[in-house]
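**Student:** First, the structure itself, so that you have it in front of you.
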Amino acid sequence: MMETPRQEFPDIAEHGLIGDLQSVALVCTDGTIDWFCAPRFDSPAVFASLLDREKGGFFRIHALGDDVRVKQMYFPQTAVLITRFMSASGVGEVIDFMPVADDPTVATEERRILRGVRLVRGELTFRLECRPRFDFGRRPHTASRAGGWVRFDDGLSGAALSGVHDDEQVTELDDGDAVLDVTMSAGDLRLFAFHTAPEADGHGLTVDRGQELFRQTVTFWRDWLSIGTYTGRWRESVERSAMVLKLLQYAPSGGLVAAPTAALPEQLGGVRNWDYRYTWIRDGSFSVHSLLALGYTEEAIAFSLWVADRVAEQAGEASGPLKIMYRIDGSSDLEELELDGFEGYAGSRPVNVGNGAADQLQLDIYGEALDALFVTNQYRRIGHPGWSKLRAVLDWLVENWDQPDEGVWETRGGRKDFNYGRIMCWVAFDRAITIARERGLPAPLDVWIQARDAIYEQVFTRCWNADRQAFVQYPGTDVVDAITLLMPLVGMISPHDPMWLSTLDAIGEELVTDSLVYRYNPAASPDGLPGEEGTFSLCSFFYVIALADADRVEEAQYAFEKMLTYGNHVGLFAEEIDPAGRQLGNFPQAFTHLALIRAAIVLDAALTRQESRGR
């Protein structure tokens, strides 16, 4: 009965996402859960065949037969995923979801993946293969049968599979796995569940209880979507992107992971394989704008409080800047390690977990953090203790903004006077000055204003290349950087300023191909790493915003609509897109989805203004 591993890695885009606000799982279109970390996003993986087909582990339920065709969809307006298996013999569905706890802000060890199998018509045989590999396969385990349970014992908390009938034969237990064939007829419904910390769930789940949890999960997501205020032209895409952000936010702390995966490559076979299961100050702060724009104040405030805690911690330390990223609970142990022996996605090695860029100096994060605190201040005001600590961090920035850093793209080619770091330091001081003035808070305004103005002068002189007629990546180069697209968005320059319009043209000429935008040209600006990468979808959506704000609305809409075609079958995006249109990098990427939301909102407004002028 043993089935050989898949011969090829599935495309990164061949996945849907389910989750319970403390962790997520990726479900491939062939019915395989090939990525799942427990009990939280940044925990070691239990299923990781996305990085190694044999050693990684997986949980697959699929219909047997040579003529089976597969389609995947979300149950409308939910994070419940349905994988449909269709053949001449019958049609069946695997319905995957993770129930959300009554209070998801309480951290728990137990995660539950529910997998309902339903026969719509005819007859099909499904094969279930549950092959966990604890701690990325570094912790051995055994499997044993106990009635309707199969228990996996790894010497720690273990896991279990429930839903097996007493009279059914489960094989491969001696190998630590569970394999079962189930023949079903029209109208049949089975429920299987994978439990971590299984003792917390008592005697498992009945089909009736599973149906109740399905209804509760559907209600949760539809109630949550009903809070949203977006009614524009791209509602389905915006709602799906909003759900991605919700799924990637760790409810107990408010931290929002950049992506739920690790080591998915930015170039097939390349070395740019990083772990994104952490909370970046930058990524999370960008998400605040998108969440607030959609009416999700609770999520935006939760992340702002998480940022405020990191600021308070840093203010209590006499030396050093904020870290650029943290674990979701705010701790900072992100040691980068290679998973020895893992083959890597499509042979892309090293397979890295942890992230060595955590201690890089990236000065832009102060602007993003202050901007997030600034926009949420109207909903939850910064108190006196918080303001005092924020002032201490700004005191550090006054002394340190004018130094080289590693830059927004976490390059490993040495520090430079990156323009974007200066732009966002300007934002940090500008927002702090505004908060102090609006609320009458004590602050060394003269010092902050002097720093803000000095940064402005540096950006508009040293970072402006007169020959290129563009703001460039750093002084002395003629290389443009797509992150400069944020310059008008943060208010440092008008979107109609001639200096900006010529910069936008330069970015379009050098970095844009068929609406897709490269971050920068690594050949012209070496980043210390071999190989190349795809276009960066965050920048592609920010390019849409820049075009719309510059009144190039028709171009913006065309670019936006083309970008949507690169999303996968359920509207999810990875970090990058390669020249062949394949999604690359960690998946799904919060950066991309928050930028999609902002682009849709800005473009909607621009089109509405255009229509009103035409009437």
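By order of appearance in the structure tokens: chains A, B, ..., then residues from 1 within every chain, and ligands from 1 in the order shown.
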Mind checking DSSP for region 41-178 of chain A and telling me the alpha helix (DSSP H) residues as a ChimeraX atom specification?
**Tutor:** /A:134-137
**Student:** Write a file of the selected residues as a tab-separated table (two decimals), in the first residue's frame, keeping N, CA and C atoms.
**Tutor:**
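File written: selection.tsv
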```tsv
chain	number	residue	atom	x	y	z
A	134	PHE	N	8.54	15.30	13.31
A	134	PHE	CA	8.62	16.33	14.34
A	134	PHE	C	9.96	17.06	14.31
A	135	ASP	N	9.90	18.37	14.57
A	135	ASP	CA	11.10	19.21	14.63
A	135	ASP	C	11.91	19.08	13.34
A	136	PHE	N	11.23	19.31	12.21
A	136	PHE	CA	11.86	19.19	10.89
A	136	PHE	C	12.53	17.82	10.72
A	137	GLY	N	11.90	16.78	11.28
A	137	GLY	CA	12.43	15.43	11.14
A	137	GLY	C	13.61	15.12	12.02
```
**Student:** Hey, what's within 7 Å of Asp177 (chain A) if we count only C-alpha atoms and toss same-chain stuff fewer than 2 positions away? As JSON, numbers by chain, please?
**Tutor:** {"A": [130, 131, 143, 172, 173, 175, 179]}
**Student:** Work out how far CA of Tyr296 (chain A) is from CA of Ser515 (chain A), in Å to one decimal.
**Tutor:**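 Separation of CA of Ser515 (chain A) and CA of Tyr296 (chain A): 29.4 Å.
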**Student:** Might you pull out every residue within 10 Å of Ala548 (chain A), with only C-alpha atoms counted and same-chain residues fewer than 2 positions away left off, and present them as number ranges by chain?
**Tutor:** A: 495, 542-546, 550-557, 599, 602-607
**Student:** May I ask which of the residues A:Ala101, A:Ile18, A:Leu128, A:Val170 is the closest one to Gly31 (chain A), counting only C-alpha atoms?
**Tutor:**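 When distances to Gly31 (chain A) are compared using only C-alpha atoms, the smallest one comes from A:Leu128.
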**Student:** Closest to Trp426 (chain A) among A:Val257, A:Leu397, A:Leu161, A:Ala242, using only C-alpha atoms?
**Tutor:** A:Leu397
**Student:** Go ahead and compute the interatomic distance for CA of Gly228 (chain A) and CA of Leu294 (chain A), in Å to one decimal.
**Tutor:**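 CA of Gly228 (chain A) sits 5.2 Å away from CA of Leu294 (chain A).
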**Student:** When distances are computed from only C-alpha atoms, which of A:Ala451, A:Ala436, A:Ala428, A:Ile597 shows the smallest separation from Asp402 (chain A)?
**Tutor:**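 Counting only C-alpha atoms, the residue closest to Asp402 (chain A) is A:Ala451.
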**Student:** One number please: CA of Arg151 (chain A) to CA of Asp42 (chain A), in Å, one decimal.
**Tutor:**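 We find that CA of Arg151 (chain A) and CA of Asp42 (chain A) lie 23.8 Å from each other.
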**Student:** Report the closest atom pair, with its distance in Å rounded to one decimal, for each residue of region 41-113 of chain A that has an atom no farther than 12 Å from region 568-579 of chain A; count only C-alpha atoms, sort by chain and then rising residue number, and write it as a tab-separated table.
**Tutor:**
```
residue	atom	partner	partner_atom	distance
A:Val70	CA	A:His569	CA	12.0
A:Lys71	CA	A:His569	CA	9.0
A:Gln72	CA	A:His569	CA	7.5
A:Met73	CA	A:Val570	CA	6.1
A:Tyr74	CA	A:Val570	CA	6.9
A:Phe75	CA	A:Val570	CA	10.5
A:Pro76	CA	A:Val570	CA	10.8
A:Gln77	CA	A:Val570	CA	11.5
A:Thr78	CA	A:Val570	CA	11.5
A:Ala79	CA	A:Val570	CA	10.6
A:Val80	CA	A:Val570	CA	11.5
A:Leu81	CA	A:Val570	CA	9.4
A:Ile82	CA	A:Val570	CA	10.6
A:Thr83	CA	A:Val570	CA	11.3
```
**Student:** Dump N, CA and C atoms for the selected residues as a compact mmCIF listing (two decimals), in the first residue's frame?
**Tutor:**
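Listed below is the output, selection01.txt:
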```txt
# COMPACT_ATOMS: atom_id res chain seq x y z
N VAL A 70 -8.44 17.52 -10.35
CA VAL A 70 -8.52 18.18 -9.06
C VAL A 70 -8.72 19.70 -9.24
N LYS A 71 -9.60 20.26 -8.46
CA LYS A 71 -9.82 21.70 -8.39
C LYS A 71 -9.85 22.12 -6.92
N GLN A 72 -9.46 23.34 -6.65
CA GLN A 72 -9.45 23.81 -5.26
C GLN A 72 -10.08 25.19 -5.17
N MET A 73 -10.83 25.41 -4.10
CA MET A 73 -11.54 26.67 -3.91
C MET A 73 -11.71 26.92 -2.42
N TYR A 74 -12.03 28.15 -2.07
CA TYR A 74 -12.44 28.46 -0.71
C TYR A 74 -13.96 28.41 -0.61
N PHE A 75 -14.46 27.88 0.49
CA PHE A 75 -15.87 28.04 0.79
C PHE A 75 -16.11 29.55 0.85
N PRO A 76 -17.10 30.08 0.15
CA PRO A 76 -17.21 31.53 -0.04
C PRO A 76 -17.08 32.33 1.25
N GLN A 77 -16.24 33.36 1.16
CA GLN A 77 -16.03 34.35 2.23
C GLN A 77 -15.55 33.70 3.52
N THR A 78 -14.69 32.70 3.41
CA THR A 78 -14.14 32.04 4.60
C THR A 78 -12.70 31.62 4.32
N ALA A 79 -12.05 31.11 5.37
CA ALA A 79 -10.74 30.48 5.25
C ALA A 79 -10.88 28.95 5.32
N VAL A 80 -12.02 28.44 4.90
CA VAL A 80 -12.25 26.99 4.80
C VAL A 80 -11.95 26.59 3.36
N LEU A 81 -11.05 25.64 3.20
CA LEU A 81 -10.55 25.28 1.87
C LEU A 81 -11.19 23.96 1.42
N ILE A 82 -11.59 23.91 0.15
CA ILE A 82 -12.20 22.71 -0.41
C ILE A 82 -11.39 22.25 -1.61
N THR A 83 -10.90 21.02 -1.55
CA THR A 83 -10.18 20.41 -2.68
C THR A 83 -11.10 19.35 -3.28
```
**Student:** May I have the residues within 12 Å of Gln450 (chain A) as a PyMOL selection string, using only C-alpha atoms and disregarding those fewer than 2 positions away in the same chain?
**Tutor:** chain A and resi 398-399+426+429-430+433+444-448+452-457
**Student:** For C-alpha atoms, I'd like the residues from the last selection saved as a PDB file, in the first residue's frame.
**Tutor:**
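Everything below was put into again.pdb:
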```
ATOM      1  CA  VAL A 398      18.997  61.860  16.576  1.00  0.00           C
ATOM      2  CA  GLU A 399      22.567  60.660  17.095  1.00  0.00           C
ATOM      3  CA  TRP A 426      12.486  61.777   8.136  1.00  0.00           C
ATOM      4  CA  PHE A 429      10.811  62.665  13.232  1.00  0.00           C
ATOM      5  CA  ASP A 430       7.928  64.168  11.244  1.00  0.00           C
ATOM      6  CA  ILE A 433       6.772  66.177  15.944  1.00  0.00           C
ATOM      7  CA  PRO A 444      12.804  68.487  22.292  1.00  0.00           C
ATOM      8  CA  LEU A 445      11.072  69.858  19.218  1.00  0.00           C
ATOM      9  CA  ASP A 446      13.988  72.052  18.128  1.00  0.00           C
ATOM     10  CA  VAL A 447      16.301  69.022  18.082  1.00  0.00           C
ATOM     11  CA  TRP A 448      13.807  66.857  16.223  1.00  0.00           C
ATOM     12  CA  ARG A 452      14.178  66.170  10.207  1.00  0.00           C
ATOM     13  CA  ASP A 453      15.280  69.123   8.092  1.00  0.00           C
ATOM     14  CA  ALA A 454      18.859  67.852   7.815  1.00  0.00           C
ATOM     15  CA  ILE A 455      17.552  64.527   6.511  1.00  0.00           C
ATOM     16  CA  TYR A 456      15.338  66.302   4.002  1.00  0.00           C
ATOM     17  CA  GLU A 457      18.290  68.292   2.677  1.00  0.00           C
TER      18      GLU A 457
END
```
**Student:** Which residues of region 593-615 of chain A sit at most 8 Å from region 281-290 of chain A, using only C-alpha atoms? Give each one's shortest atom pair and distance in Å (one decimal place), in chain and ascending residue order, as CSV.
**Tutor:**
```
residue,atom,partner,partner_atom,distance
A:Leu594,CA,A:Ser287,CA,5.7
A:Ala595,CA,A:Ser290,CA,7.7
A:Ile597,CA,A:Ser290,CA,6.1
A:Arg598,CA,A:Ser290,CA,5.9
```
**Student:** Write a file of the just-selected residues containing C-alpha atoms, as a PDB file, in the first residue's frame.
**Tutor:**
```pdb
ATOM      1  CA  LEU A 594      -1.142  44.531   2.233  1.00  0.00           C
ATOM      2  CA  ALA A 595       0.155  46.323  -0.867  1.00  0.00           C
ATOM      3  CA  ILE A 597      -5.162  46.286  -0.502  1.00  0.00           C
ATOM      4  CA  ARG A 598      -3.603  49.757  -0.563  1.00  0.00           C
TER       5      ARG A 598
END
```
**Student:** From a DSSP calculation on the backbone, collect every residue of region 509-611 of chain A in strand (DSSP E) and output the set as a list in words.
**Tutor:** Val512, Thr513, Leu516, Val517, Thr535, Phe536, Glu576, Ile577, Gln583 and Leu584 of chain A
**Student:** So, counting only C-alpha atoms, which residue among A:Asp103, A:Glu129, A:Asp481, A:Glu239 is closest to Arg60 (chain A)?
**Tutor:**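 Nearest candidate to Arg60 (chain A) out of A:Asp103, A:Glu129, A:Asp481, A:Glu239: A:Glu129.
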**Student:** Identify which of the residues A:His62, A:Arg613, A:His165, A:Arg240 lies closest to Val117 (chain A), counting only C-alpha atoms when measuring atom-to-atom distances.
**Tutor:**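 Closest to Val117 (chain A), using only C-alpha atoms: A:His62.
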**Student:** Would you pick out the contacts of Leu564 (chain A) at 10 Å or less, using only C-alpha atoms, so that residues sharing its chain but fewer than 2 positions from it are not included, and give the list as a list in words?
**Tutor:**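 Once the nearby chain positions are removed, what remains is Trp234, Ser237, Phe541, Ala559, Phe560, Glu561, Lys562, Tyr566, Gly567, Asn568, Gly571, Leu572, Phe573 and Leu596 of chain A.
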**Student:** Can I get the selection written as a PDB file, in the first residue's frame, with N, CA and C atoms?
**Tutor:**
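Below is the file that was written, part_2.pdb:
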```pdb
ATOM      1  N   TRP A 234     -12.731  45.771  -6.539  1.00  0.00           N
ATOM      2  CA  TRP A 234     -11.991  44.512  -6.425  1.00  0.00           C
ATOM      3  C   TRP A 234     -12.243  43.884  -5.060  1.00  0.00           C
ATOM      4  N   SER A 237     -10.820  40.243  -4.216  1.00  0.00           N
ATOM      5  CA  SER A 237      -9.369  40.210  -4.016  1.00  0.00           C
ATOM      6  C   SER A 237      -8.975  40.893  -2.715  1.00  0.00           C
ATOM      7  N   PHE A 541       2.732  46.461  -6.739  1.00  0.00           N
ATOM      8  CA  PHE A 541       1.501  47.128  -6.288  1.00  0.00           C
ATOM      9  C   PHE A 541       1.767  48.574  -5.875  1.00  0.00           C
ATOM     10  N   ALA A 559      -1.996  47.982 -15.074  1.00  0.00           N
ATOM     11  CA  ALA A 559      -0.944  47.300 -14.314  1.00  0.00           C
ATOM     12  C   ALA A 559      -1.549  46.489 -13.165  1.00  0.00           C
ATOM     13  N   PHE A 560      -2.554  47.049 -12.502  1.00  0.00           N
ATOM     14  CA  PHE A 560      -3.190  46.354 -11.382  1.00  0.00           C
ATOM     15  C   PHE A 560      -3.914  45.099 -11.851  1.00  0.00           C
ATOM     16  N   GLU A 561      -4.661  45.226 -12.928  1.00  0.00           N
ATOM     17  CA  GLU A 561      -5.399  44.063 -13.433  1.00  0.00           C
ATOM     18  C   GLU A 561      -4.438  42.966 -13.884  1.00  0.00           C
ATOM     19  N   LYS A 562      -3.328  43.351 -14.493  1.00  0.00           N
ATOM     20  CA  LYS A 562      -2.347  42.338 -14.883  1.00  0.00           C
ATOM     21  C   LYS A 562      -1.735  41.676 -13.658  1.00  0.00           C
ATOM     22  N   TYR A 566      -1.465  37.210 -11.808  1.00  0.00           N
ATOM     23  CA  TYR A 566      -0.348  36.435 -11.271  1.00  0.00           C
ATOM     24  C   TYR A 566      -0.689  35.773  -9.937  1.00  0.00           C
ATOM     25  N   GLY A 567      -1.820  36.141  -9.336  1.00  0.00           N
ATOM     26  CA  GLY A 567      -2.250  35.459  -8.129  1.00  0.00           C
ATOM     27  C   GLY A 567      -2.583  34.011  -8.441  1.00  0.00           C
ATOM     28  N   ASN A 568      -2.616  33.180  -7.427  1.00  0.00           N
ATOM     29  CA  ASN A 568      -2.894  31.767  -7.704  1.00  0.00           C
ATOM     30  C   ASN A 568      -4.400  31.523  -7.820  1.00  0.00           C
ATOM     31  N   GLY A 571      -6.363  33.261  -5.206  1.00  0.00           N
ATOM     32  CA  GLY A 571      -6.075  34.668  -4.959  1.00  0.00           C
ATOM     33  C   GLY A 571      -4.924  34.945  -4.028  1.00  0.00           C
ATOM     34  N   LEU A 572      -4.012  33.984  -3.845  1.00  0.00           N
ATOM     35  CA  LEU A 572      -2.881  34.177  -2.934  1.00  0.00           C
ATOM     36  C   LEU A 572      -1.613  34.495  -3.716  1.00  0.00           C
ATOM     37  N   PHE A 573      -0.732  35.285  -3.065  1.00  0.00           N
ATOM     38  CA  PHE A 573       0.518  35.706  -3.690  1.00  0.00           C
ATOM     39  C   PHE A 573       1.707  35.358  -2.805  1.00  0.00           C
ATOM     40  N   LEU A 596      -1.493  45.017  -2.099  1.00  0.00           N
ATOM     41  CA  LEU A 596      -2.659  44.856  -2.972  1.00  0.00           C
ATOM     42  C   LEU A 596      -3.840  45.659  -2.429  1.00  0.00           C
TER      43      LEU A 596
END
```
